[in-house]
Amino acid sequence: MDNYNPLPVEKKWQESFEKNKVFKTKSEKNKKFYCLEMFPYPSGNIHMGHVRNYTLGDVIANFKRLNGYNVLHPMGWDAFGLPAENAAIQNNLHPQEWTLKNISTMKSQLKRLGLSIDWDKELSTCDEKYYKHQQIIFSNFFKNNLVYKKESYVNWDPVDNTVLANEQVIDGKGWRSGATVERKKLSQWFLNITKYSDELLNSLENLKGWPEKVKLMQKNWIGKSEGCEIDFTTDYKDTKIKIFTTRPDTIFGASFIAIAPDHPFTESFKDEKNFKDFKNTALKNIRIESELSKNEKLGFKTSFSVFHPFSNKKIPIYVANFILMDYGTGAIFGCPAHDQRDLEFAIKYDLEILPVVTPDKSKAINIKDQAYTEDGYIVNSEFINDLTIEEAKRKIIQKLEEKKIGKSKITYRLKDWGVSRQRYWGCPIPIMYREDGKIILVPEKDLPVTLPKDIDFNKPGNPLENHPTWKYTKCPETGMKAIRETDTLDTFVDSSWYFLRFCSPQENNKPFNTDEANYWMPVDQYIGGVEHAILHLLYSRFFTLALKNEFKLKVSEPFENLFTQGMVCHPTFKTKEGKWIFPKDVIEENGGFFLKNKEKVLKGDSQAMSKSKKNIIDPDDIIKIYGSDSVRWFILSDSPPDRGIQWSDSGIQGAFKYIQKIWRTYEKIKIYKKVKDEKENKFFVSTNLLIKEVTDCIEKFHINVAVAKLYVFLNNINEQIEMKTLEKEEIINVYKQYLIIISVFIPYIANECWQKITGKDDLVNQEWPKIKDSLLKKDNFEIVVQIDGKKRAIINATDNENEDSIFSKSLAIKNIKVILDEKIIVKKIFIKNKLLNIVTNDK
RNA sequence: GCCCUCGUGGUGGAAUUGGUAGACACAAAGGACUUAAAAUCCUUGCCCUUUUUGGGAGUGCCGGUUCAAGUCCGGCCGAGGGCACCA
């Protein structure tokens, strides 16, 4: 028998798919399925993470197509971003050339995988045909007050004179210059996502098809807190400090006020030397975020106080390094007895610790180094004594509102989205600053504002800013001089609406065609990495809400079902000096690991594949040896798709063997002859059951289990071939059903075998095999017989066979009888067609 | 620190949601075929035993609920992830 050689076969079918536009989206508007995987950043080559992501999506898309859905399965490129600029600097290659080259490479790699993508829908975010519409969306947000400018901090490299992205700051230093990064305030554009805080939070519970984990992460990110604001009157010219608290019930335990270092109240003493020093250290420490929680709680005692709103007691005001100006009101009252952080602060500065909540009314509570934060009753608190915490909160808020010094208030952790980037390779913001100081939009007819091609990366800073002419323009209305916005948009903006654009990527006048979008949206299945659980997915939800009215969208949520796939992992290798080594450069010998020059290599634990640790396997290298089908099959088997998968050589070899076995099965069927008769054959029943199980597994994303069932399926077919009791036609029919099913996973071998066995190449036009309910009804069952819950025997029974009959059959079994002879039967538990448990007095 | 998830053979993992634990695969050992290798196929896989269609232990640890627990409840231990001065 010939071996199956995947490479020429796969090439043949790839060309055939392409030539015949097999995966083109249909125009008729019947039941639809929009299957989308997160689009890739064109970094150079596809990696195993892409292979897993797109293969997974392809299984779903193929499955739905065979089940009669009109499927939209597009692909595009998240093509703006910093690495293109870095490559430009390093290789003296224009970001656009670098990007386009990468897109072309990766596109051919994806095609080689046999993905059922409609390439006519391809889009790229760095294409002006795409970002023109993003500028229209920005203009729209501008008109609807969803975008505004405010001062905000950036990472500033004082040596390179440039703004750094967070990932360019390493241990607080600039990645190129090594200079300590400073915080610098710049005026930047913000999208008003917080306007939708409540809606984004509340509709999470309607997202039934999202993983609970992701919803929880978003919920925590939005971070809703219910509490109240209280105005405290100070002894400085009667000014007021507004604080936010979730624990107004502890107001009588307040022993200090703490405000943020950049709180407006600090204006009156901002030039005091002691305060300046304090503020500098406090703000400096904020920059290294990981250090924050370890930081010591430091306070600066001001010479001012506030008056308690109910007791009129004087309470000192501190400036504290742990109070953030951009959360709540930038000020709190500290109640040390019932907040751990306040307690630490109070101990350090010797402030009063007055317990006002007790778990037990009859006993006094004593606070040492643990704040009491549990439920209880209020004490030491005048008119709210003896109330529960909840009652006290309500009472205090009511009193505050009566006295007009406070009100209930909901605060969110979610902040508005800063979208300005001081970068070249991004979508230009369609804004002009007119010489009379007015900020105006570039009119829609003048869009897109395109990026200049001739740029100089040798000068530090933003090339758009440095460009000799690009930013100078004129106001089209007044003819006044104007300067263009030189910031570009965060690339997360690009990916916040691309799923809408895919519905009508050729639409010229609008970001998307309303009818098409309303037909295809929402995305029925979205698949991607869990690392996007918060930002990308939240931003996309925000965009959908924000665009809804203006563009007449029917949906409020973009992604009906979300699946977050796990990472592809591989062991890491290092030399003694700690240099990372590619797995392909490592040779295993007698349990040890070596380089080609015999240098010893240390094997580390398995981690997610990453360029920096070099524990990567290039899909190209693998496909060249085993073919695409093998890679697809392996990456789908073994591990549940939402968990990490261990890449292994033996695993891919196993997959390759399976592909070979599919081929051998075809060759055996080709020469098959029936030689004997057999009355009873469970084959069709078990096949039908397998089809049902595989179908269920795919629908539930248990792809690894579906794969396991398909091993059984093929083994069963081969068993039947050996038995030689079926008609050839019968074997072929089951094999054809099998091929339809595996074509969803591994299209090339499936199409090849189908063509060989049927003489036609119309596998893609087939229907998913029907499950025959009549065959699902079994008439034979294996009944488990237990004594006191322990399995003792298995009995064959007919459908619905009754308890007495099963019981008497059990007694006929020797060891059951032996055991029961010594015991008295107390009762029997019987479950039809399944189980009989005989319970005795002797447990 | 807070929140979440997960602990099953040498390994990746199944188990219809409380009803036969270990499907399927990888790796290993033994065998068949072969001059040989590769490929392929078969067998084995905890302990005891009268070698069986027998018994026992067994899903991180301790306890509980139940006729019955990998699955439910309580406590502990361990691994991974998210948030991180959020008032």
# chains A, B, ... in the order shown; residues from 1 in each chain; ligands from 1

$ interface_residues --of "chain B" --to "chain A" --cutoff "9 Å" --atoms "only C-alpha atoms (C1' of nucleotides)" --output "number ranges by chain"
B: 1, 3-5, 12-14, 19-20, 23-27, 53-54, 67-68, 82-87

$ residues_around --residues "A:Gln422" --least-positions-apart "2" --cutoff "8 Å" --atoms "only C-alpha atoms (C1' of nucleotides)" --output "PyMOL selection string"
chain A and resi 163+420+424+461-462+486-488

$ select_by_dssp --residues "stretch 544-630 of chain A" --states "alpha helix (DSSP H)" --output "NGL selection string"
:A and (544-548 or 619-626 or 628-630)

$ atom_distance --atom1 "atom CA of A:Gly426" --atom2 "atom CA of A:Val449"
11.5 Å

$ atom_distance --atom1 "atom CA of A:Tyr433" --atom2 "atom CA of A:Arg484"
6.3 Å

$ residues_around --residues "B:G30" --least-positions-apart "6" --cutoff "12 Å" --atoms "only C-alpha atoms (C1' of nucleotides)" --output "number ranges by chain"
B: 42-45
